Amino acid sequence: MSFSYRSIVMLLSVIIFASLLKLAFFAVPKDNTAPMLNAQEVRQDLYALLDQIEQHSAFYALTPDKASPQLKYMASLIVEQYQDMTPNDRFAAEITKLLNSLKDPGAQVHDFDDQSGDLPLTLRPLNDQWLALDSSNSPINNDFPFVTHIDGLPMSKWVAASQAYLPEPAKQSQEMQLPWLKKLNLLREDLGLSIKPYVLITLINDDLQTQQVTLALPSHEPQAQLAASNQEDKTQDMSVFEFITQLSQFERSEFQDVPHQLETVNNTTVKLKISDLYAFELDRDLQQELLKGMTHPLLIIDLRDASGFSPKLLTLLSRYQDADLNNTLAPNVMGFAHYRRSPELRNDYLQPLNFKPLAALEYSVPRLKSLTRNLPSVDEDKFSPWYIRTKPAVTPEGRNRLALLVSPKCRQECEWIAYRTKSWSRANLIGEKTSGDFARQYHFKLPNSGLDIRFSSSLTYDAQGKLLSGAGTEPDIWLPQNSDIQWQGLVSLVRSAKPKTQIIQTSQPNKLAQAKLN
């Protein structure tokens, strides 16, 4: 069998490419975080953290005279408390509390393996009580469904301890508390309790009778970790051709089909879930689903986990807004923003957030001064000039109703959607207060722990110069964010909600459905 010149060259090219891929496995260093930190490493990481906050945090720059001594004091407490070897997850927890003192909803700590013992049950809030559920979401004891104490301490103590790990706007959010309430051993250390391989749960029923249950904590099996490590080694040792085969089958997540589709609640109501606003902008099918839903008397959109900076969804939803015919100085202004100055940031830093320089408005100098007269004075050495965002140029249509499910996980552009729709007479926000996270984030890794730190590097204001970042938007109808929602009951809540005052009755043609809710 003979090979042509072209076949030989192609085969050699494939072999060379495969060899380069194999070399890449060895050339790229493994980014393993240290499981334990000594006292010197803790001090070095804290010094690096405070330095980065002072240079790049927008919330720090708001009140540096207050923030600086507070951060240094908290850092000194960490250094004093952890003189010996410190677990990486414990250090990450302390860093989380330190960042929360900035009251920055965008402050986050990533890239650490939480090895602390978890609570071996699921807590679910119900009014002022907490249901104790097993892994299948059934009560661990049907006769005593509620938990009142853990390890002899009332639930209020555990809730207060968990709130130390949450930024200010999210402290009262039951949804945001749940992951931290799950970290039993972490909270035990904060409350001064001993670490045990079991937990004592006190249950209660409606007749105020109690029962105590002892549950074993799930253990981290060394054998299971070894097996996972061996499996990882096998993955690293797979043949180059197997790796090429996997690459050929790889699909980027943003190009995969979005599973969220329009669902019917009743004959007048449909619902739609949207989580990735970037994916929504690229998905024509999902946009058509939304437009179809907007023809119904009531459309419910679940935005509880929505993030991304694409303005496409807000633009489409602006058909629900009220007609604003007031002759104001700039009726199209939605808000202002500026970012923390840094040598590595370009002046188009806020462009992905849909902001543009004030000069782009082409207003006269007196008009610009009048437009920005309510904005706070800022240190120009720390903050950029002001940028502006304008409202979508969309004409209101119809008399249909809109309901949006929101939560503290509704971030970035979703915050704008919540803020804008709050004032629309035909829209209702349902859920928990949002966190106020509008910003772009600055992120870096700490040198010893390898923790990925993120915090807000920009601030957002409304058209009247009021700070929106960190404030959050209150829902019209408060609803705890449990996983199970009775959709028909939610429709009843919308129907019974207090009507909002419309700015001016629209005289535009009614292009959407005019039917009323049944």
# chains A, B, ... in the order shown; residues from 1 in each chain; ligands from 1

call {"tool": "closest_atom_pairs", "arguments": {"of": "segment 367-426 of chain A", "to": "segment 457-468 of chain A", "cutoff": "7 Å", "atoms": "only C-alpha atoms", "output": "JSON lines"}}
result
{"residue": "A:Asn374", "atom": "CA", "partner": "A:Gly465", "partner_atom": "CA", "distance": 5.1}
{"residue": "A:Leu375", "atom": "CA", "partner": "A:Gly465", "partner_atom": "CA", "distance": 4.3}
{"residue": "A:Pro376", "atom": "CA", "partner": "A:Gly465", "partner_atom": "CA", "distance": 6.8}

call {"tool": "write_last_selection", "arguments": {"atoms": "C-alpha atoms", "output": "mmCIF file, in the first residue's frame"}}
result
data_model
loop_
_atom_site.group_PDB
_atom_site.id
_atom_site.type_symbol
_atom_site.label_atom_id
_atom_site.label_comp_id
_atom_site.auth_asym_id
_atom_site.auth_seq_id
_atom_site.Cartn_x
_atom_site.Cartn_y
_atom_site.Cartn_z
ATOM 1 C CA ASN A 374 -27.159 65.637 42.050
ATOM 2 C CA LEU A 375 -24.201 63.285 41.649
ATOM 3 C CA PRO A 376 -21.884 63.132 44.667
#

call {"tool": "residues_around", "arguments": {"residues": "segment 300-317 of chain A", "least_positions_apart": "4", "cutoff": "8 Å", "atoms": "only C-alpha atoms", "output": "PyMOL selection string"}}
result
chain A and resi 269-278+280-281+321+352-354+392-394+402-414+416-417

call {"tool": "write_last_selection", "arguments": {"atoms": "N, CA and C atoms", "output": "CSV table (one decimal), in the first residue's frame"}}
result
chain,number,residue,atom,x,y,z
A,269,THR,N,-51.9,32.3,31.9
A,269,THR,CA,-50.6,32.6,32.5
A,269,THR,C,-49.6,31.6,31.9
A,270,VAL,N,-48.4,32.1,31.6
A,270,VAL,CA,-47.3,31.2,31.2
A,270,VAL,C,-46.1,31.7,32.0
A,271,LYS,N,-45.1,30.8,32.1
A,271,LYS,CA,-43.9,31.1,32.8
A,271,LYS,C,-42.6,30.7,32.0
A,272,LEU,N,-41.5,31.4,32.3
A,272,LEU,CA,-40.3,31.2,31.6
A,272,LEU,C,-39.1,31.4,32.6
A,273,LYS,N,-38.1,30.5,32.5
A,273,LYS,CA,-36.9,30.7,33.3
A,273,LYS,C,-35.8,31.2,32.5
A,274,ILE,N,-35.1,32.2,32.9
A,274,ILE,CA,-33.9,32.8,32.2
A,274,ILE,C,-32.8,33.0,33.3
A,275,SER,N,-31.7,32.3,33.0
A,275,SER,CA,-30.6,32.4,34.0
A,275,SER,C,-29.3,33.1,33.4
A,276,ASP,N,-29.0,32.8,32.2
A,276,ASP,CA,-27.8,33.4,31.6
A,276,ASP,C,-28.2,34.5,30.5
A,277,LEU,N,-28.0,35.7,30.9
A,277,LEU,CA,-28.5,36.8,30.0
A,277,LEU,C,-27.6,36.9,28.8
A,278,TYR,N,-26.4,36.5,28.8
A,278,TYR,CA,-25.5,36.4,27.6
A,278,TYR,C,-26.1,35.4,26.6
A,280,PHE,N,-29.1,34.3,26.5
A,280,PHE,CA,-30.4,34.8,26.0
A,280,PHE,C,-30.2,35.7,24.8
A,281,GLU,N,-29.2,36.5,24.8
A,281,GLU,CA,-29.0,37.5,23.7
A,281,GLU,C,-28.6,36.7,22.4
A,321,GLN,N,-43.4,48.9,30.2
A,321,GLN,CA,-43.2,50.1,31.0
A,321,GLN,C,-44.3,51.1,30.7
A,352,PRO,N,-18.9,47.3,28.6
A,352,PRO,CA,-19.6,46.0,28.6
A,352,PRO,C,-20.9,46.1,29.5
A,353,LEU,N,-20.9,47.1,30.4
A,353,LEU,CA,-22.0,47.3,31.3
A,353,LEU,C,-23.1,48.2,30.7
A,354,ASN,N,-22.8,48.6,29.4
A,354,ASN,CA,-23.8,49.4,28.6
A,354,ASN,C,-23.7,50.9,29.0
A,392,PRO,N,-33.7,52.0,27.2
A,392,PRO,CA,-34.0,51.5,25.9
A,392,PRO,C,-35.1,52.3,25.2
A,393,ALA,N,-34.9,52.6,23.9
A,393,ALA,CA,-35.8,53.3,23.1
A,393,ALA,C,-37.0,52.4,22.7
A,394,VAL,N,-37.9,52.1,23.6
A,394,VAL,CA,-38.9,51.1,23.3
A,394,VAL,C,-40.3,51.8,23.6
A,402,LEU,N,-46.9,41.5,34.0
A,402,LEU,CA,-45.6,40.9,34.1
A,402,LEU,C,-45.2,40.6,35.5
A,403,ALA,N,-44.8,39.4,35.8
A,403,ALA,CA,-44.3,39.1,37.2
A,403,ALA,C,-42.9,38.5,37.1
A,404,LEU,N,-42.0,39.1,37.9
A,404,LEU,CA,-40.6,38.6,37.9
A,404,LEU,C,-40.2,38.1,39.2
A,405,LEU,N,-39.7,36.8,39.2
A,405,LEU,CA,-39.1,36.2,40.4
A,405,LEU,C,-37.7,36.7,40.6
A,406,VAL,N,-37.4,37.3,41.7
A,406,VAL,CA,-36.0,37.7,41.9
A,406,VAL,C,-35.5,37.3,43.3
A,407,SER,N,-34.2,37.3,43.5
A,407,SER,CA,-33.5,36.9,44.7
A,407,SER,C,-32.2,37.6,44.8
A,408,PRO,N,-31.4,37.4,45.9
A,408,PRO,CA,-30.1,38.0,46.0
A,408,PRO,C,-29.1,37.5,44.9
A,409,LYS,N,-29.5,36.4,44.3
A,409,LYS,CA,-28.6,35.9,43.2
A,409,LYS,C,-28.9,36.5,41.8
A,410,CYS,N,-29.9,37.4,41.8
A,410,CYS,CA,-30.2,38.2,40.6
A,410,CYS,C,-29.2,39.3,40.6
A,411,ARG,N,-28.2,39.2,39.7
A,411,ARG,CA,-27.0,40.1,39.7
A,411,ARG,C,-26.8,40.8,38.3
A,412,GLN,N,-25.9,41.8,38.4
A,412,GLN,CA,-25.5,42.5,37.2
A,412,GLN,C,-26.6,43.1,36.4
A,413,GLU,N,-26.9,42.7,35.2
A,413,GLU,CA,-28.0,43.3,34.4
A,413,GLU,C,-29.3,42.9,35.0
A,414,CYS,N,-29.4,41.8,35.7
A,414,CYS,CA,-30.7,41.4,36.4
A,414,CYS,C,-31.0,42.5,37.4
A,416,TRP,N,-30.5,45.7,37.1
A,416,TRP,CA,-31.2,46.8,36.4
A,416,TRP,C,-32.6,46.4,36.1
A,417,ILE,N,-32.9,45.2,35.7
A,417,ILE,CA,-34.2,44.7,35.3
A,417,ILE,C,-35.1,44.9,36.6

call {"tool": "residues_around", "arguments": {"residues": "segment 36-40 of chain A", "least_positions_apart": "6", "cutoff": "10 Å", "atoms": "only C-alpha atoms", "output": "list in words"}}
result
Leu46, Ile78, Val79, Glu80, Gln81, Tyr82, Gln83, Asp84, Met85, Thr86, Pro87, Asn88, Asp89, Arg90, Phe91, Asn448 and Ser449 of chain A

call {"tool": "residues_around", "arguments": {"residues": "segment 490-501 of chain A", "least_positions_apart": "5", "cutoff": "12 Å", "atoms": "only C-alpha atoms", "output": "JSON, numbers by chain"}}
result
{"A": [264, 265, 266, 267, 268, 269, 270, 271, 297, 298, 299, 300, 301, 302, 322, 401, 402, 403, 404, 405, 421, 422, 423, 424, 425, 426, 427, 428, 429, 430, 431, 475, 476, 477, 478, 479, 480, 484, 485, 516, 517, 518]}

call {"tool": "atom_distance", "arguments": {"atom1": "atom CA of Leu153 of chain A", "atom2": "atom CA of Lys97 of chain A"}}
result
22.0 Å

call {"tool": "select_by_dssp", "arguments": {"residues": "segment 293-410 of chain A", "states": "helix (DSSP H, G or I)", "output": "list in words"}}
result
Gly293, Lys312, Leu313, Leu314, Thr315, Leu316, Leu317, Ser318, Arg319, Tyr320, Gln351, Pro352, Leu353, Leu358, Ala359, Ala360, Leu361, Val365, Pro366, Arg367, Leu368, Lys369, Ser370 and Leu371 of chain A

call {"tool": "atom_distance", "arguments": {"atom1": "atom CA of Arg340 of chain A", "atom2": "atom CA of Phe59 of chain A"}}
result
9.2 Å

call {"tool": "atom_distance", "arguments": {"atom1": "atom CA of Gln441 of chain A", "atom2": "atom CA of Gln287 of chain A"}}
result
27.9 Å

call {"tool": "closest_residue", "arguments": {"among": "A:Ile8, A:Leu290, A:Leu358, A:Leu184", "to": "Tyr198 of chain A", "atoms": "only C-alpha atoms"}}
result
A:Leu184

call {"tool": "residues_around", "arguments": {"residues": "Phe455 of chain A", "least_positions_apart": "5", "cutoff": "6 Å", "atoms": "only C-alpha atoms", "output": "ChimeraX atom specification"}}
result
/A:106-107,441-442

call {"tool": "closest_residue", "arguments": {"among": "A:Trp487, A:Ser101, A:His56, A:Arg454", "to": "Met74 of chain A", "atoms": "only C-alpha atoms"}}
result
A:Ser101

call {"tool": "closest_residue", "arguments": {"among": "A:Ala48, A:Ala58, A:Leu71, A:Leu77", "to": "Ser384 of chain A", "atoms": "only C-alpha atoms"}}
result
A:Ala58

call {"tool": "residues_around", "arguments": {"residues": "segment 156-172 of chain A", "least_positions_apart": "4", "cutoff": "10 Å", "atoms": "only C-alpha atoms", "output": "JSON, numbers by chain"}}
result
{"A": [93, 94, 95, 96, 97, 98, 99, 100, 101, 102, 103, 104, 105, 106, 107, 108, 148, 149, 150, 176, 177, 178, 179, 180, 181, 182, 183, 184, 186, 187, 188, 190, 191, 407, 408, 409, 432, 433, 434, 435, 436, 437, 470, 471, 472, 473]}

call {"tool": "residues_around", "arguments": {"residues": "Ile388 of chain A", "least_positions_apart": "5", "cutoff": "8 Å", "atoms": "only C-alpha atoms", "output": "PyMOL selection string"}}
result
chain A and resi 333-337+355-358

call {"tool": "select_by_dssp", "arguments": {"residues": "segment 137-189 of chain A", "states": "strand (DSSP E or B)", "output": "PyMOL selection string"}}
result
chain A and resi 139+146-150+153-154

call {"tool": "write_last_selection", "arguments": {"atoms": "C-alpha atoms", "output": "mmCIF file, in the first residue's frame"}}
result
data_model
loop_
_atom_site.group_PDB
_atom_site.id
_atom_site.type_symbol
_atom_site.label_atom_id
_atom_site.label_comp_id
_atom_site.auth_asym_id
_atom_site.auth_seq_id
_atom_site.Cartn_x
_atom_site.Cartn_y
_atom_site.Cartn_z
ATOM 1 C CA PRO A 139 -39.256 15.448 57.025
ATOM 2 C CA PHE A 146 -39.435 21.458 62.816
ATOM 3 C CA VAL A 147 -35.969 21.966 64.275
ATOM 4 C CA THR A 148 -35.567 24.379 67.204
ATOM 5 C CA HIS A 149 -32.016 23.673 68.467
ATOM 6 C CA ILE A 150 -28.748 22.325 67.113
ATOM 7 C CA LEU A 153 -28.275 26.178 70.870
ATOM 8 C CA PRO A 154 -31.445 27.774 69.419
#

call {"tool": "decode", "arguments": {"residues": "segment 136-170 of chain A", "atoms": "C-alpha atoms", "output": "mmCIF file, in the first residue's frame"}}
result
data_model
loop_
_atom_site.group_PDB
_atom_site.id
_atom_site.type_symbol
_atom_site.label_atom_id
_atom_site.label_comp_id
_atom_site.auth_asym_id
_atom_site.auth_seq_id
_atom_site.Cartn_x
_atom_site.Cartn_y
_atom_site.Cartn_z
ATOM 1 C CA SER A 136 -35.322 13.345 49.469
ATOM 2 C CA ASN A 137 -36.866 16.555 50.886
ATOM 3 C CA SER A 138 -39.101 14.636 53.286
ATOM 4 C CA PRO A 139 -39.256 15.448 57.025
ATOM 5 C CA ILE A 140 -36.756 13.377 58.995
ATOM 6 C CA ASN A 141 -39.588 12.900 61.502
ATOM 7 C CA ASN A 142 -43.171 13.382 60.311
ATOM 8 C CA ASP A 143 -44.452 13.769 63.870
ATOM 9 C CA PHE A 144 -41.826 16.398 64.750
ATOM 10 C CA PRO A 145 -41.128 18.289 61.512
ATOM 11 C CA PHE A 146 -39.435 21.458 62.816
ATOM 12 C CA VAL A 147 -35.969 21.966 64.275
ATOM 13 C CA THR A 148 -35.567 24.379 67.204
ATOM 14 C CA HIS A 149 -32.016 23.673 68.467
ATOM 15 C CA ILE A 150 -28.748 22.325 67.113
ATOM 16 C CA ASP A 151 -26.223 21.070 69.674
ATOM 17 C CA GLY A 152 -28.378 22.658 72.357
ATOM 18 C CA LEU A 153 -28.275 26.178 70.870
ATOM 19 C CA PRO A 154 -31.445 27.774 69.419
ATOM 20 C CA MET A 155 -31.680 28.262 65.668
ATOM 21 C CA SER A 156 -31.476 32.043 66.127
ATOM 22 C CA LYS A 157 -27.854 31.645 67.287
ATOM 23 C CA TRP A 158 -26.931 29.600 64.211
ATOM 24 C CA VAL A 159 -28.687 32.051 61.893
ATOM 25 C CA ALA A 160 -26.814 34.981 63.462
ATOM 26 C CA ALA A 161 -23.507 33.120 63.077
ATOM 27 C CA SER A 162 -24.219 32.383 59.398
ATOM 28 C CA GLN A 163 -24.993 36.051 58.712
ATOM 29 C CA ALA A 164 -21.363 36.980 59.410
ATOM 30 C CA TYR A 165 -20.505 35.348 56.076
ATOM 31 C CA LEU A 166 -23.043 37.365 54.079
ATOM 32 C CA PRO A 167 -22.798 40.916 52.699
ATOM 33 C CA GLU A 168 -25.148 43.485 54.192
ATOM 34 C CA PRO A 169 -28.057 43.290 51.680
ATOM 35 C CA ALA A 170 -28.168 39.465 51.887
#
